[in-house]
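start_21.txt, holding compact mmCIF, C-alpha atoms:
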```
# COMPACT_ATOMS: atom_id res chain seq x y z
CA MET A 358 -21.42 -68.59 -7.57
CA LEU A 359 -18.04 -70.25 -7.55
CA GLU A 360 -15.57 -68.93 -10.06
CA VAL A 361 -12.11 -70.35 -10.61
CA SER A 362 -9.76 -68.61 -12.99
CA ASN A 363 -6.38 -69.66 -14.30
CA LEU A 364 -5.74 -72.02 -11.41
CA ALA A 365 -2.44 -73.89 -11.21
CA CYS A 366 -1.50 -76.41 -8.60
CA SER A 367 1.47 -78.66 -7.98
CA ARG A 368 2.42 -81.27 -5.41
CA GLY A 369 6.15 -81.31 -4.78
CA ASP A 370 7.84 -80.64 -8.12
CA HIS A 371 5.04 -82.19 -10.11
CA ARG A 372 2.66 -79.77 -11.83
CA LEU A 373 -0.82 -81.27 -11.59
CA PHE A 374 -2.76 -78.77 -13.65
CA SER A 375 -2.49 -75.20 -14.82
CA GLY A 376 -4.68 -72.63 -16.50
CA LEU A 377 -7.80 -74.24 -15.07
CA ASN A 378 -11.05 -72.28 -15.33
CA LEU A 379 -14.46 -73.20 -14.09
CA GLU A 380 -17.71 -71.55 -13.15
CA LEU A 381 -20.44 -73.04 -11.04
CA HIS A 382 -23.78 -71.26 -10.81
CA PRO A 383 -26.65 -71.98 -8.42
CA GLY A 384 -28.42 -75.18 -9.42
CA GLN A 385 -25.41 -76.57 -11.29
CA ILE A 386 -23.46 -79.73 -10.69
CA MET A 387 -19.99 -80.51 -12.00
CA GLN A 388 -17.99 -83.71 -12.06
CA ILE A 389 -14.21 -83.59 -12.12
CA LEU A 390 -12.87 -86.36 -14.35
CA GLY A 391 -9.37 -87.70 -14.58
CA ALA A 392 -7.20 -90.74 -14.09
CA ASN A 393 -5.77 -91.68 -10.69
CA GLY A 394 -3.17 -89.11 -9.73
CA SER A 395 -4.42 -86.46 -12.12
CA GLY A 396 -5.14 -84.06 -9.29
CA LYS A 397 -8.87 -84.39 -8.66
CA THR A 398 -8.51 -84.50 -4.91
CA SER A 399 -5.89 -81.74 -4.97
CA LEU A 400 -8.28 -79.54 -6.97
CA LEU A 401 -11.09 -80.12 -4.47
CA ARG A 402 -8.76 -79.50 -1.53
CA THR A 403 -7.55 -76.31 -3.19
CA LEU A 404 -11.17 -75.19 -3.49
CA CYS A 405 -11.50 -75.79 0.26
CA GLY A 406 -8.42 -73.70 0.97
CA PHE A 407 -6.30 -76.55 2.37
CA ILE A 408 -3.80 -76.16 -0.47
CA GLN A 409 -2.62 -72.78 -1.65
CA PRO A 410 -2.68 -72.61 -5.45
CA ASP A 411 0.52 -71.72 -7.29
CA GLU A 412 -1.38 -69.31 -9.50
CA GLY A 413 -4.91 -68.20 -10.13
CA LYS A 414 -7.88 -67.16 -8.11
CA ILE A 415 -10.88 -68.81 -6.50
CA ALA A 416 -13.80 -66.48 -6.03
CA TRP A 417 -17.09 -67.00 -4.21
CA GLU A 418 -19.84 -64.52 -5.09
CA GLY A 419 -17.19 -62.30 -6.62
CA SER A 420 -14.76 -62.14 -3.67
CA ASP A 421 -11.54 -64.05 -3.22
CA VAL A 422 -12.14 -66.98 -0.86
CA ARG A 423 -8.96 -66.16 1.03
CA ASP A 424 -10.44 -62.80 2.01
CA LEU A 425 -13.81 -64.32 2.86
CA GLY A 426 -12.44 -66.94 5.27
CA GLU A 427 -15.15 -68.04 7.66
CA ASP A 428 -17.90 -66.47 5.54
CA TYR A 429 -16.94 -68.86 2.74
CA PHE A 430 -16.69 -71.84 5.09
CA ALA A 431 -20.24 -71.13 6.29
CA GLU A 432 -21.52 -71.59 2.73
CA MET A 433 -19.57 -74.70 1.77
CA MET A 434 -19.27 -78.23 2.97
CA TYR A 435 -16.53 -80.70 2.15
CA LEU A 436 -16.68 -84.45 2.31
CA GLY A 437 -13.31 -86.03 1.70
CA HIS A 438 -11.95 -89.55 1.53
CA LEU A 439 -11.95 -89.67 5.31
CA ASN A 440 -15.30 -89.89 7.00
CA ALA A 441 -14.45 -87.50 9.83
CA ILE A 442 -16.40 -89.58 12.33
CA LYS A 443 -15.22 -90.85 15.69
CA ASP A 444 -15.21 -94.61 16.18
CA GLU A 445 -16.01 -94.40 19.87
CA LEU A 446 -19.04 -92.16 19.44
CA SER A 447 -22.46 -93.18 18.16
CA ALA A 448 -23.80 -92.06 14.79
CA LEU A 449 -26.11 -89.70 16.61
CA GLU A 450 -23.32 -88.11 18.66
CA ASN A 451 -21.11 -87.79 15.60
CA LEU A 452 -23.80 -86.06 13.59
CA ARG A 453 -24.75 -83.65 16.37
CA ILE A 454 -21.12 -82.71 16.99
CA SER A 455 -20.51 -82.12 13.26
CA ALA A 456 -23.56 -79.91 13.09
CA GLY A 457 -22.45 -78.03 16.20
CA LEU A 458 -19.05 -77.40 14.64
CA SER A 459 -20.77 -75.89 11.65
CA GLY A 460 -22.56 -73.54 14.00
CA LEU A 461 -25.95 -75.20 13.58
CA PRO A 462 -26.78 -77.03 16.81
CA LEU A 463 -29.03 -79.96 15.99
CA ASN A 464 -31.69 -81.42 18.24
CA GLU A 465 -31.87 -85.14 18.73
CA ALA A 466 -35.10 -85.67 16.79
CA ASP A 467 -33.76 -83.96 13.66
CA ALA A 468 -30.50 -85.90 13.87
CA ILE A 469 -32.36 -89.20 14.17
CA ALA A 470 -34.58 -88.27 11.23
CA ALA A 471 -31.52 -87.55 9.07
CA LEU A 472 -29.85 -90.82 10.04
CA ARG A 473 -33.03 -92.79 9.34
CA ARG A 474 -33.27 -91.21 5.92
CA MET A 475 -29.72 -92.44 5.30
CA GLY A 476 -30.94 -95.96 6.09
CA LEU A 477 -29.45 -96.21 9.56
CA LYS A 478 -32.65 -96.94 11.45
CA GLY A 479 -31.86 -98.83 14.64
CA ARG A 480 -28.14 -98.02 14.38
CA GLU A 481 -28.34 -94.45 15.65
CA ARG A 482 -26.98 -95.17 19.11
CA LEU A 483 -24.39 -97.81 18.31
CA PRO A 484 -20.73 -96.88 18.44
CA VAL A 485 -19.67 -96.21 14.87
CA LYS A 486 -16.85 -98.75 15.07
CA VAL A 487 -19.33 -101.64 14.99
CA LEU A 488 -20.90 -100.36 11.75
CA SER A 489 -19.77 -101.54 8.31
CA GLN A 490 -17.70 -99.35 5.95
CA GLY A 491 -20.79 -98.50 3.92
CA GLN A 492 -22.78 -97.62 7.01
CA GLN A 493 -19.95 -95.42 8.27
CA ARG A 494 -19.97 -93.61 4.94
CA ARG A 495 -23.73 -93.12 5.35
CA VAL A 496 -23.13 -91.51 8.75
CA ALA A 497 -20.69 -89.10 7.10
CA LEU A 498 -23.14 -88.41 4.26
CA ALA A 499 -25.92 -87.65 6.75
CA ARG A 500 -24.12 -84.33 7.24
CA LEU A 501 -25.36 -83.32 3.79
CA LEU A 502 -28.90 -83.44 5.14
CA VAL A 503 -28.35 -81.32 8.24
CA ILE A 504 -25.70 -78.76 7.34
CA LYS A 505 -27.19 -75.97 5.32
CA ALA A 506 -24.37 -75.24 2.92
CA ARG A 507 -24.95 -74.02 -0.63
CA LEU A 508 -21.76 -75.44 -2.11
CA TRP A 509 -21.02 -79.12 -1.68
CA ILE A 510 -17.52 -80.36 -2.45
CA LEU A 511 -17.65 -84.15 -2.51
CA ASP A 512 -14.58 -86.30 -3.03
CA GLU A 513 -15.62 -89.84 -3.97
CA PRO A 514 -18.88 -89.70 -2.00
CA LEU A 515 -19.98 -93.12 -3.26
CA THR A 516 -17.10 -95.27 -1.96
CA ALA A 517 -18.34 -98.34 -0.10
CA LEU A 518 -21.99 -97.51 -0.76
CA ASP A 519 -24.47 -100.12 -2.02
CA VAL A 520 -26.95 -99.59 -4.87
CA ASN A 521 -29.72 -98.37 -2.60
CA ALA A 522 -27.48 -95.82 -0.95
CA VAL A 523 -26.27 -94.54 -4.33
CA ALA A 524 -29.91 -94.02 -5.39
CA LEU A 525 -30.50 -92.21 -2.11
CA ILE A 526 -27.55 -89.88 -2.70
CA GLU A 527 -28.77 -89.21 -6.24
CA GLY A 528 -32.07 -88.10 -4.74
CA VAL A 529 -30.35 -85.90 -2.16
CA LEU A 530 -28.21 -84.27 -4.85
CA ALA A 531 -31.21 -83.60 -7.10
CA GLU A 532 -33.02 -81.99 -4.17
CA HIS A 533 -30.03 -79.82 -3.35
CA LEU A 534 -29.76 -78.66 -6.97
CA ALA A 535 -33.48 -77.92 -7.14
CA GLY A 536 -32.98 -75.67 -4.11
CA GLN A 537 -30.35 -73.65 -6.02
CA GLY A 538 -27.47 -75.51 -4.41
CA MET A 539 -24.17 -76.21 -6.12
CA VAL A 540 -22.20 -79.44 -6.22
CA ILE A 541 -18.71 -80.24 -7.41
CA PHE A 542 -17.66 -83.86 -7.07
CA THR A 543 -15.45 -86.70 -8.20
CA THR A 544 -16.42 -90.33 -8.53
CA HIS A 545 -15.39 -93.44 -10.38
CA GLN A 546 -18.86 -94.93 -10.13
CA PRO A 547 -21.86 -94.08 -12.31
CA LEU A 548 -24.06 -91.40 -10.77
CA ASN A 549 -27.36 -90.54 -12.40
CA VAL A 550 -28.16 -86.91 -11.78
CA ALA A 551 -29.59 -84.66 -14.48
CA GLY A 552 -27.46 -81.87 -15.89
CA VAL A 553 -24.00 -82.98 -14.77
CA ARG A 554 -21.28 -81.01 -16.53
CA SER A 555 -17.84 -82.41 -16.52
CA LEU A 556 -14.33 -81.05 -16.39
CA SER A 557 -11.43 -83.24 -17.33
CA LEU A 558 -8.02 -82.93 -15.74
CA SER A 559 -5.40 -84.29 -18.10
CA MET B 991 -19.48 -63.86 22.37
CA LYS B 992 -22.05 -66.44 23.41
CA ASN B 993 -21.32 -68.28 20.19
CA LEU B 994 -17.59 -68.52 20.94
CA PHE B 995 -18.30 -69.79 24.42
CA GLY B 996 -20.71 -72.33 22.97
CA LEU B 997 -18.01 -73.56 20.61
CA LEU B 998 -15.51 -73.83 23.47
CA LEU B 999 -18.02 -75.82 25.48
CA LEU B 1000 -18.86 -78.08 22.52
CA ILE B 1001 -15.20 -78.99 21.95
CA VAL B 1002 -14.46 -79.53 25.63
CA ARG B 1003 -17.53 -81.76 26.02
CA ARG B 1004 -16.64 -83.70 22.88
CA ASP B 1005 -13.05 -84.31 23.94
CA LEU B 1006 -14.02 -85.27 27.49
CA LEU B 1007 -16.61 -87.68 26.09
CA LEU B 1008 -13.96 -89.23 23.86
CA ALA B 1009 -11.56 -89.45 26.78
CA MET B 1010 -14.24 -91.22 28.81
CA ARG B 1011 -14.66 -93.79 26.06
CA ARG B 1012 -10.89 -94.30 25.82
CA ARG B 1013 -10.03 -94.38 29.48
CA ALA B 1014 -6.88 -96.42 28.93
CA ASP B 1015 -5.15 -93.44 27.28
CA VAL B 1016 -5.87 -91.22 30.26
CA LEU B 1017 -4.78 -93.81 32.78
CA THR B 1018 -1.45 -94.52 31.07
CA THR B 1019 -0.39 -90.89 31.48
CA LEU B 1020 -1.36 -90.85 35.12
CA ILE B 1021 0.27 -94.20 35.92
CA PHE B 1022 3.44 -93.11 34.11
CA PHE B 1023 3.57 -90.02 36.32
CA VAL B 1024 3.02 -92.00 39.51
CA MET B 1025 5.62 -94.60 38.55
CA VAL B 1026 8.36 -92.15 37.55
CA VAL B 1027 7.88 -90.17 40.75
CA SER B 1028 7.82 -93.31 42.91
CA LEU B 1029 11.05 -94.65 41.40
CA PHE B 1030 13.10 -91.86 42.98
CA PRO B 1031 12.48 -92.63 46.67
CA LEU B 1032 13.13 -96.28 45.88
CA GLY B 1033 16.35 -95.50 44.04
CA VAL B 1034 17.72 -92.85 46.37
CA GLY B 1035 16.86 -94.65 49.60
CA PRO B 1036 15.35 -93.35 52.84
CA GLU B 1037 17.42 -90.17 53.18
CA THR B 1038 14.60 -87.80 53.98
CA ASP B 1039 16.70 -84.65 53.77
CA MET B 1040 17.77 -85.37 50.24
CA LEU B 1041 14.30 -86.52 49.18
CA ARG B 1042 12.71 -83.36 50.53
CA LYS B 1043 15.16 -81.26 48.53
CA MET B 1044 14.67 -83.05 45.26
CA ALA B 1045 10.89 -83.54 45.55
CA PRO B 1046 9.73 -80.43 43.65
CA GLY B 1047 12.20 -81.03 40.83
CA VAL B 1048 11.26 -84.69 40.48
CA LEU B 1049 7.53 -84.01 40.49
CA TRP B 1050 7.81 -81.20 38.00
CA VAL B 1051 10.05 -83.11 35.60
CA ALA B 1052 7.75 -86.14 35.83
CA ALA B 1053 4.74 -83.92 35.11
CA LEU B 1054 6.58 -82.45 32.13
CA LEU B 1055 7.38 -85.90 30.74
CA ALA B 1056 3.87 -87.19 31.38
CA SER B 1057 2.37 -84.28 29.50
CA MET B 1058 4.74 -84.94 26.56
CA LEU B 1059 3.43 -88.50 26.51
CA SER B 1060 -0.15 -87.44 25.91
CA LEU B 1061 0.56 -84.49 23.60
CA GLY B 1062 1.10 -86.72 20.58
CA ARG B 1063 -2.58 -87.62 20.70
CA LEU B 1064 -3.84 -84.05 20.97
CA PHE B 1065 -4.41 -83.59 17.23
CA SER B 1066 -3.24 -86.84 15.64
CA ALA B 1067 -6.45 -88.83 16.20
CA ASP B 1068 -8.51 -86.03 14.67
CA TYR B 1069 -5.99 -85.73 11.85
CA LEU B 1070 -6.10 -89.42 10.98
CA ASP B 1071 -9.88 -89.75 10.80
CA GLY B 1072 -10.46 -86.49 8.94
CA THR B 1073 -12.17 -84.64 11.80
CA LEU B 1074 -9.41 -82.04 11.80
CA GLU B 1075 -10.20 -81.16 8.17
CA GLN B 1076 -13.76 -80.48 9.19
CA MET B 1077 -12.59 -78.39 12.13
CA LEU B 1078 -10.45 -76.23 9.84
CA LEU B 1079 -13.46 -75.75 7.58
CA ALA B 1080 -15.84 -74.89 10.41
CA PRO B 1081 -17.16 -71.37 10.02
CA GLN B 1082 -15.99 -70.61 13.54
CA SER B 1083 -12.90 -69.25 15.17
CA LEU B 1084 -10.19 -71.90 14.89
CA SER B 1085 -8.31 -70.29 17.79
CA VAL B 1086 -11.27 -70.78 20.11
CA LEU B 1087 -11.64 -74.34 18.91
CA VAL B 1088 -7.96 -74.97 19.61
CA LEU B 1089 -8.31 -73.37 23.05
CA GLY B 1090 -11.11 -75.86 23.73
CA LYS B 1091 -8.87 -78.75 22.77
CA MET B 1092 -6.09 -77.41 25.00
CA ALA B 1093 -8.49 -77.04 27.91
CA SER B 1094 -9.77 -80.58 27.60
CA HIS B 1095 -6.23 -81.90 27.21
CA TRP B 1096 -5.34 -80.23 30.48
CA MET B 1097 -8.42 -81.55 32.27
CA VAL B 1098 -7.58 -85.07 31.14
CA SER B 1099 -3.80 -85.10 31.50
CA GLY B 1100 -2.82 -82.14 33.70
CA LEU B 1101 -5.47 -81.88 36.37
CA PRO B 1102 -5.22 -85.54 37.49
CA LEU B 1103 -1.47 -85.01 38.06
CA VAL B 1104 -2.18 -82.01 40.28
CA LEU B 1105 -4.69 -84.04 42.27
CA MET B 1106 -2.25 -86.93 42.71
CA THR B 1107 0.50 -84.66 44.01
CA PRO B 1108 -0.36 -84.76 47.76
CA VAL B 1109 -0.08 -88.56 47.82
CA LEU B 1110 3.19 -88.54 45.92
CA GLY B 1111 4.57 -85.68 48.01
CA LEU B 1112 4.25 -87.85 51.12
CA GLN B 1113 6.74 -90.31 49.62
CA PHE B 1114 9.27 -87.48 49.69
CA ASP B 1115 8.45 -86.43 53.23
CA MET B 1116 7.30 -83.02 52.03
CA SER B 1117 5.65 -80.66 54.50
CA VAL B 1118 1.97 -79.84 54.05
CA GLN B 1119 2.90 -76.27 53.24
CA ALA B 1120 5.37 -77.33 50.54
CA ILE B 1121 2.81 -79.71 49.01
CA GLY B 1122 0.26 -76.90 48.91
CA VAL B 1123 2.66 -74.59 47.08
CA LEU B 1124 3.70 -77.38 44.73
CA MET B 1125 0.06 -78.03 43.86
CA LEU B 1126 -0.59 -74.35 43.32
CA GLY B 1127 2.44 -74.17 41.02
CA LEU B 1128 1.34 -77.25 39.09
CA LEU B 1129 -2.19 -75.86 38.84
CA LEU B 1130 -0.82 -72.72 37.18
CA GLY B 1131 1.93 -74.49 35.25
CA THR B 1132 0.38 -77.63 33.75
CA PRO B 1133 -2.06 -75.65 31.55
CA ILE B 1134 0.97 -73.80 30.15
CA LEU B 1135 2.57 -77.14 29.32
CA SER B 1136 -0.59 -78.22 27.46
CA MET B 1137 -0.69 -74.96 25.55
CA ILE B 1138 2.98 -74.79 24.56
CA GLY B 1139 2.81 -78.49 23.76
CA ALA B 1140 -0.14 -77.94 21.45
CA ILE B 1141 2.02 -75.74 19.21
CA GLY B 1142 4.57 -78.55 18.93
CA ALA B 1143 1.84 -81.14 18.37
CA ALA B 1144 0.39 -79.05 15.55
CA LEU B 1145 3.78 -78.52 13.91
CA THR B 1146 4.75 -82.20 14.03
CA LEU B 1147 1.35 -83.45 12.83
CA GLY B 1148 1.59 -86.33 10.39
CA LEU B 1149 5.38 -86.64 10.62
CA ARG B 1150 7.04 -89.97 11.16
CA GLY B 1151 8.75 -90.09 14.54
CA GLY B 1152 6.79 -86.97 15.43
CA GLY B 1153 6.66 -87.94 19.09
CA VAL B 1154 10.38 -87.57 19.72
CA LEU B 1155 10.62 -84.43 17.63
CA LEU B 1156 7.71 -83.00 19.59
CA SER B 1157 9.56 -83.50 22.89
CA LEU B 1158 12.73 -81.94 21.46
CA LEU B 1159 10.76 -78.91 20.29
CA VAL B 1160 8.63 -78.41 23.36
CA LEU B 1161 10.81 -79.36 26.35
CA PRO B 1162 13.22 -76.40 26.01
CA LEU B 1163 10.25 -74.01 25.85
CA CYS B 1164 8.93 -75.41 29.12
CA ILE B 1165 12.09 -74.62 31.10
CA PRO B 1166 10.81 -71.30 32.51
CA VAL B 1167 7.70 -73.04 33.84
CA LEU B 1168 9.89 -75.67 35.50
CA ILE B 1169 12.17 -73.04 37.08
CA PHE B 1170 9.38 -70.93 38.56
CA GLY B 1171 7.37 -73.97 39.63
CA THR B 1172 10.20 -75.56 41.56
CA GLY B 1173 11.46 -72.15 42.71
CA ALA B 1174 8.19 -71.49 44.51
CA VAL B 1175 8.52 -74.69 46.56
CA GLN B 1176 12.16 -74.02 47.37
CA ALA B 1177 11.18 -70.50 48.48
CA VAL B 1178 8.49 -71.70 50.86
CA THR B 1179 10.75 -74.34 52.42
CA SER B 1180 13.44 -71.74 53.07
CA GLY B 1181 10.89 -69.33 54.50
CA LEU B 1182 10.88 -66.84 51.62
CA SER B 1183 7.94 -65.31 49.81
CA ILE B 1184 6.40 -67.39 47.04
CA SER B 1185 4.45 -64.60 45.43
CA SER B 1186 7.09 -63.63 42.88
CA HIS B 1187 7.39 -67.16 41.49
CA LEU B 1188 3.67 -67.74 41.37
CA SER B 1189 3.02 -64.31 39.86
CA LEU B 1190 5.48 -65.09 37.10
CA LEU B 1191 3.79 -68.44 36.48
CA GLY B 1192 0.45 -66.64 36.38
CA ALA B 1193 1.85 -64.14 33.91
CA LEU B 1194 3.14 -66.96 31.72
CA LEU B 1195 -0.30 -68.57 31.86
CA VAL B 1196 -2.00 -65.36 30.76
CA LEU B 1197 0.50 -64.95 27.92
CA ALA B 1198 -0.03 -68.55 26.86
CA VAL B 1199 -3.83 -68.18 26.82
CA ALA B 1200 -3.49 -65.03 24.75
CA PHE B 1201 -1.08 -66.26 22.10
CA THR B 1202 -0.72 -70.04 21.88
CA PRO B 1203 -4.22 -70.80 20.50
CA TRP B 1204 -3.63 -68.47 17.58
CA VAL B 1205 -0.13 -69.81 16.90
CA THR B 1206 -1.40 -73.40 17.10
CA ALA B 1207 -4.23 -72.60 14.69
CA GLN B 1208 -1.73 -71.23 12.16
CA ALA B 1209 0.51 -74.28 12.63
CA LEU B 1210 -2.47 -76.59 11.99
CA ARG B 1211 -3.27 -74.80 8.74
CA ILE B 1212 0.34 -75.23 7.62
CA SER B 1213 0.36 -78.91 8.59
CA MET B 1214 -2.79 -79.66 6.62
CA GLU B 1215 -1.31 -78.56 3.31
```
How does the structure come out when it is put into structure tokens?
Amino acid sequence: MLEVSNLACSRGDHRLFSGLNLELHPGQIMQILGANGSGKTSLLRTLCGFIQPDEGKIAWEGSDVRDLGEDYFAEMMYLGHLNAIKDELSALENLRISAGLSGLPLNEADAIAALRRMGLKGRERLPVKVLSQGQQRRVALARLLVIKARLWILDEPLTALDVNAVALIEGVLAEHLAGQGMVIFTTHQPLNVAGVRSLSLS
Amino acid sequence: MKNLFGLLLLIVRRDLLLAMRRRADVLTTLIFFVMVVSLFPLGVGPETDMLRKMAPGVLWVAALLASMLSLGRLFSADYLDGTLEQMLLAPQSLSVLVLGKMASHWMVSGLPLVLMTPVLGLQFDMSVQAIGVLMLGLLLGTPILSMIGAIGAALTLGLRGGGVLLSLLVLPLCIPVLIFGTGAVQAVTSGLSISSHLSLLGALLVLAVAFTPWVTAQALRISME
């Protein structure tokens, strides 16, 4: 369970939000709402530990995430604006390296299966730089299928995706929630997943 | 323990694979080194006595500058495409990961310089013995340059004009390496023992392996904020 209490965060002199509370239990999904610049990305990056909050506490299963360190990282996965894939490497190489970094070495067959599910059949061995924006995003999203994290923190996961890919991601999210996973995300596009709670930053 | 070694191997293999796909980057460093070193005999003229004396200094300074040239890329590519974020979130030791990046940086930008040294040494009319000691010194010293440089690269990550700032930060810290590296060659040419210089370089290397990965990891966390 992720528990955030009385969180305050600022960038420079500008206070983005303060007194923010949220709770996320297994099987729950939460959308962070807010206008551009309202601090959605900063909130998600604070949850990842990239930004130190001004005030407040972020707890995972009852312990402060700062004390948990790597034990927290093992349970969460973050997908930001940047795809974190290497142009020169193929989709397959990218996915296997990402999985290796997460401490879950992935064999080639499983990696290919994940990429095919993301609609990248026949593109597995091409250098990522020849793929389209949407396809590159799919390569990044394939990590969701192979990294066994309970908490997903997704910042605009749907950018550059077509209708089919959005439907695919909806299915993946529903599956993750059914397996007692947790998701916290932002998006400006409609996403049809049952039981989405929302939290507005403004 | 096996896990940490696996991580080290994963990062080294990844970075070497990337270097293979971007060979131009590797070659520019090496060609820069060769060119800088070759300019001196051309500029000074065929005075072998003088060339022999300045050879170790020239080669070491050129190696120092060449390693500065490639340091900017150590973390910046990973920073720009978001891979570094994922590395910081990996449930693995960031210090070991950083050590892997340092090791592959050295293999790509330090080791080729060491291997080129015999050819370049001939331009300066260096004796075989002096070339051997110079190579030994570079072999011990260039990894230290990569490791100290990594701290600077992590601190200047994402800054405009970071490359120049990086050199200003790192070059002064590399002075001891330069002194002991060139000192060893001067010692062997004047018939003295080289062991003290090389032992000190070795000690610096051990210290660097022990502390710089951790310091770099902390600097990366600060830079990501």
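For B:Gly1122, the non-local neighbours within 12 Å, defined as residues at least 3 positions apart in the same chain or in other chains and counting all atoms listed in the file, are Pro1046, Val1104, Leu1105, Thr1107, Pro1108, Val1109, Gly1111, Leu1112, Met1116, Ser1117, Val1118, Gln1119, Met1125, Leu1126, Gly1127, Leu1128, Leu1129, Ala1174, Val1175, Val1178, Thr1179 and Ile1184 of chain B.
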query: When the cut-off is 6 Å and we count all atoms listed in the file, which residues of chain B are near chain A, given as a VMD selection string?
result: chain B and resid 1071 to 1073 1079 to 1081 1215
task: Counting all atoms listed in the file, find the residues whose atoms lie at most 12 Å from (9.9, -82.9, 15.5) (file coordinates) and write them out as a ChimeraX atom specification.
output: /B:1062,1139,1141-1161
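Near A:Ser557, within a cut-off of 7 Å and counting only C-alpha atoms, sit the residues A:Ile389, A:Leu390, A:Gly391, with same-chain residues fewer than 6 positions away left out.
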Export of the given selection (C-alpha atoms) as a PDB file, keeping the file's coordinate frame:
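The new file part.pdb reads:
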```pdb
ATOM      1  CA  ILE A 389     -14.210 -83.590 -12.120  1.00  0.00           C
ATOM      2  CA  LEU A 390     -12.870 -86.360 -14.350  1.00  0.00           C
ATOM      3  CA  GLY A 391      -9.370 -87.700 -14.580  1.00  0.00           C
TER       4      GLY A 391
END
```
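Considering only C-alpha atoms, the residue among B:Gln1076, B:Asp1068, B:Val1051, B:Ala1009 positioned nearest to B:His1095 is B:Ala1009.
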Two-atom distance - atom CA of B:Gly1035, atom CA of B:Ala1052 (Å): 18.6 Å
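Of the residues listed (A:Ala506, A:Leu425, A:Ile415, A:Val496), A:Ala506 shows the shortest atom-to-atom separation from A:Gln537; distances use all atoms listed in the file.
Between atom CA of B:Ser1083 and atom CA of B:Leu994 lies a distance of 7.5 Å.
Taking atom CA of A:Glu412 and atom CA of A:Ala365 as the two end points, the separation is 5.0 Å.
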message: Taking (3.1, -87.3, 29.1) in the coordinates of the supplied file, I want to know which residues reach to within 9 Å of it, counting all atoms listed in the file; could you give the answer as a count of residues only?
response: 17
field: Near-A:Ser489 list (12 Å; all atoms listed in the file; drop same-chain fewer than 2 positions) as a PyMOL selection string
entry: chain A and resi 444+477+480+483-487+491-496+517-519
task: Please provide the set of residues having any atom within 12 Å of B:Leu1089, restricted to all atoms listed in the file, with same-chain residues fewer than 6 positions apart removed, written as a ChimeraX atom specification.
output: /B:994-995,997-1002,1005,1064,1083,1095-1096,1133-1134,1136-1138,1140-1141,1198-1207
